[in-house]
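Pasting entry01.cif here (mmCIF, C-alpha atoms):
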```
data_structure
#
loop_
_atom_site.label_atom_id
_atom_site.label_comp_id
_atom_site.auth_asym_id
_atom_site.auth_seq_id
_atom_site.Cartn_x
_atom_site.Cartn_y
_atom_site.Cartn_z
CA MET E 202 -27.99 60.29 90.85
CA VAL E 203 -26.90 58.25 93.84
CA ARG E 204 -30.35 56.66 94.03
CA LEU E 205 -30.11 55.61 90.40
CA TRP E 206 -26.76 53.90 91.00
CA LEU E 207 -28.18 52.23 94.08
CA VAL E 208 -31.14 50.90 92.09
CA VAL E 209 -28.82 49.67 89.32
CA ALA E 210 -26.55 47.96 91.86
CA VAL E 211 -29.50 46.22 93.56
CA ALA E 212 -30.84 45.10 90.17
CA ALA E 213 -27.39 43.76 89.19
CA VAL E 214 -27.09 41.81 92.45
CA ALA E 215 -30.62 40.41 92.08
CA PHE E 216 -29.92 39.38 88.47
CA THR E 217 -26.66 37.73 89.48
CA VAL E 218 -28.28 35.82 92.34
CA TYR E 219 -31.08 34.69 90.03
CA ALA E 220 -28.56 33.56 87.40
CA VAL E 221 -26.49 31.62 89.97
CA ILE E 222 -29.56 29.86 91.36
CA ASP E 223 -30.85 29.10 87.86
CA CYS E 224 -27.48 27.72 86.82
CA ALA E 225 -27.07 25.65 89.99
CA THR E 226 -30.52 24.06 89.75
CA MET E 227 -30.65 23.48 85.98
CA PRO E 228 -30.78 19.80 84.92
CA ARG E 229 -27.55 18.55 83.39
CA GLN E 230 -29.22 17.87 80.02
CA ARG E 231 -30.05 21.57 79.58
CA ILE E 232 -26.55 22.96 80.23
CA ARG E 233 -24.53 23.79 77.11
CA SER E 234 -20.91 24.74 76.38
CA LEU E 235 -19.32 24.45 79.86
CA ARG E 236 -19.86 22.39 82.96
CA ARG E 237 -22.13 23.62 85.72
CA GLY E 238 -19.28 24.59 88.05
CA TRP E 239 -17.61 26.71 85.39
CA TRP E 240 -20.85 28.49 84.63
CA VAL E 241 -21.47 29.29 88.31
CA LEU E 242 -17.90 30.59 88.62
CA LEU E 243 -18.28 32.68 85.45
CA VAL E 244 -21.54 34.20 86.69
CA LEU E 245 -19.97 35.05 90.04
CA VAL E 246 -16.73 36.49 88.61
CA LEU E 247 -18.43 38.54 85.88
CA PRO E 248 -21.70 39.42 87.62
CA VAL E 249 -23.93 40.92 84.93
CA LEU E 250 -21.99 39.78 81.87
CA GLY E 251 -21.68 36.23 83.24
CA GLY E 252 -25.43 36.09 83.86
CA LEU E 253 -26.14 37.30 80.34
CA LEU E 254 -23.73 34.72 78.90
CA TRP E 255 -25.42 32.02 80.96
CA PHE E 256 -28.89 32.87 79.69
CA VAL E 257 -27.75 33.27 76.06
CA LEU E 258 -25.12 30.54 75.64
CA GLY E 259 -25.26 28.16 78.58
CA ARG E 260 -28.90 27.41 78.92
CA ALA E 261 -30.49 25.08 76.38
CA PRO E 262 -34.17 25.64 75.65
CA ALA E 263 -36.60 23.23 77.21
CA THR E 264 -37.74 20.47 74.91
CA PRO E 265 -41.44 20.84 74.35
CA GLY E 266 -43.15 17.69 75.53
CA PRO E 267 -46.71 16.64 75.00
CA THR E 268 -48.75 19.10 76.98
CA PRO E 269 -52.08 17.87 78.27
CA ARG E 270 -54.89 19.76 76.64
CA TYR E 271 -57.99 20.86 78.47
CA ARG E 272 -60.92 18.66 77.64
CA GLY E 273 -64.34 20.11 78.10
CA PRO E 274 -67.07 17.98 79.61
CA GLU E 275 -68.55 17.25 76.20
CA ASP E 276 -65.24 15.58 75.22
CA ASP E 277 -64.92 13.51 78.39
CA PRO E 278 -66.52 10.06 78.09
CA ASP E 279 -66.67 9.66 81.88
CA PHE E 280 -68.70 12.85 82.17
CA LEU E 281 -71.09 11.79 79.43
CA GLY E 282 -71.60 8.38 80.99
CA GLY E 283 -70.95 6.56 77.74
CA PRO E 284 -70.53 2.80 77.47
CA ARG E 285 -67.59 1.38 79.33
CA ALA E 286 -65.72 -1.82 78.70
CA THR E 287 -66.48 -4.63 81.16
CA GLY E 288 -62.95 -4.66 82.53
CA SER E 289 -62.64 -0.90 82.91
CA PRO E 290 -61.84 0.48 86.35
CA ARG E 291 -64.69 1.83 88.42
CA THR E 292 -64.99 5.55 88.78
CA GLY E 293 -65.82 7.40 91.97
CA THR E 294 -69.43 7.72 90.86
CA ASP E 295 -69.74 3.95 90.43
CA GLN E 296 -68.33 3.41 93.90
CA ASP E 297 -70.68 5.99 95.38
CA ASP E 298 -73.65 4.30 93.72
CA ALA E 299 -72.59 0.90 95.02
CA THR E 300 -72.14 2.27 98.54
CA LEU E 301 -75.55 3.92 98.40
CA ARG E 302 -77.18 0.66 97.27
CA ASP E 303 -75.47 -1.24 100.10
CA LEU E 304 -76.67 1.31 102.66
CA GLU E 305 -80.23 1.17 101.33
CA ASP E 306 -80.20 -2.65 101.53
CA GLN E 307 -78.86 -2.48 105.08
CA PHE E 308 -81.55 0.02 106.05
CA ARG E 309 -84.29 -2.16 104.52
CA ASP E 310 -82.99 -5.23 106.39
CA GLU E 311 -82.90 -3.38 109.72
CA ARG E 312 -86.38 -2.00 109.18
CA ARG E 313 -87.72 -5.46 108.30
CA ASP E 314 -86.12 -6.91 111.45
CA ARG E 315 -87.61 -4.13 113.59
CA ASP E 316 -91.05 -4.63 112.06
CA GLU E 317 -90.85 -8.37 112.73
CA ARG E 318 -89.96 -7.73 116.37
CA ASP E 319 -92.81 -5.28 116.70
CA ASP E 320 -95.22 -7.91 115.28
CA ASP E 321 -94.08 -10.45 117.89
CA ARG E 322 -94.95 -8.13 120.85
CA PRO E 323 -98.39 -8.28 122.36
CA ALA E 324 -100.62 -5.31 121.85
CA ASP E 325 -101.09 -2.96 124.83
CA ARG E 326 -104.74 -2.27 124.17
#
```
For the file at hand, write its structure as structure tokens.
Amino acid sequence: MVRLWLVVAVAAVAFTVYAVIDCATMPRQRIRSLRRGWWVLLVLVLPVLGGLLWFVLGRAPATPGPTPRYRGPEDDPDFLGGPRATGSPRTGTDQDDATLRDLEDQFRDERRDRDERDDDRPADR
């Protein structure tokens, strides 16, 4: 029986601590009925009952905002590679392609220069 009371006491303390932290960190727009300080005091003075009152009466529900939906690849125009407006920002793929083209041009130029130098040398035969 003592163990049961110990478990109940630990649960009551944990619930009270959770209620105090929730009340102290809640945005001002979501607190109803009393001010934040009064709610914290009420939760501390009436541990379990104050926490229950806080969750039932003091806490306003969160306003549901527009939640971003998951878009599969077939719904994503960037994934499909559809037409883009001329003034649209470049994606990472466009930048990678441009970098690759620049590196290929640089490689071609260096190879051409090396071949020209090799042509200018006399043959060792």
Residues within 9 Å of range 206-216 of chain E, all atoms listed in the file, excluding chain neighbours under 3 positions, as a count of residues only: 8
Enter the distance from CA of Trp239 in chain E to CA of Gly259 in chain E, in Å, rounded to one decimal. 10.3 Å
Closest of E:Thr294, E:Thr226, E:Thr300, E:Thr217 to Leu254 in chain E, counting all atoms listed in the file, is E:Thr217
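For the atom pair formed by CA of Phe280 in chain E and CA of Asp295 in chain E, the distance is 12.2 Å, given to one decimal.
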Quick one, how far is CA of Met227 in chain E from CA of Tyr271 in chain E?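 Computed distance, CA of Met227 in chain E to CA of Tyr271 in chain E, equals 28.5 Å.
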Shell around Val241 in chain E at 9 Å using only C-alpha atoms, local window under 5 positions removed, as number ranges by chain: E: 220-222, 224-225, 236, 246, 251, 255
Rank E:Leu250, E:Ala263, E:Leu245, E:Leu301 by their smallest atom-to-atom distance to Val218 in chain E, using all atoms listed in the file, and report the top residue only.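 Under the stated criterion, the closest residue is E:Leu245.
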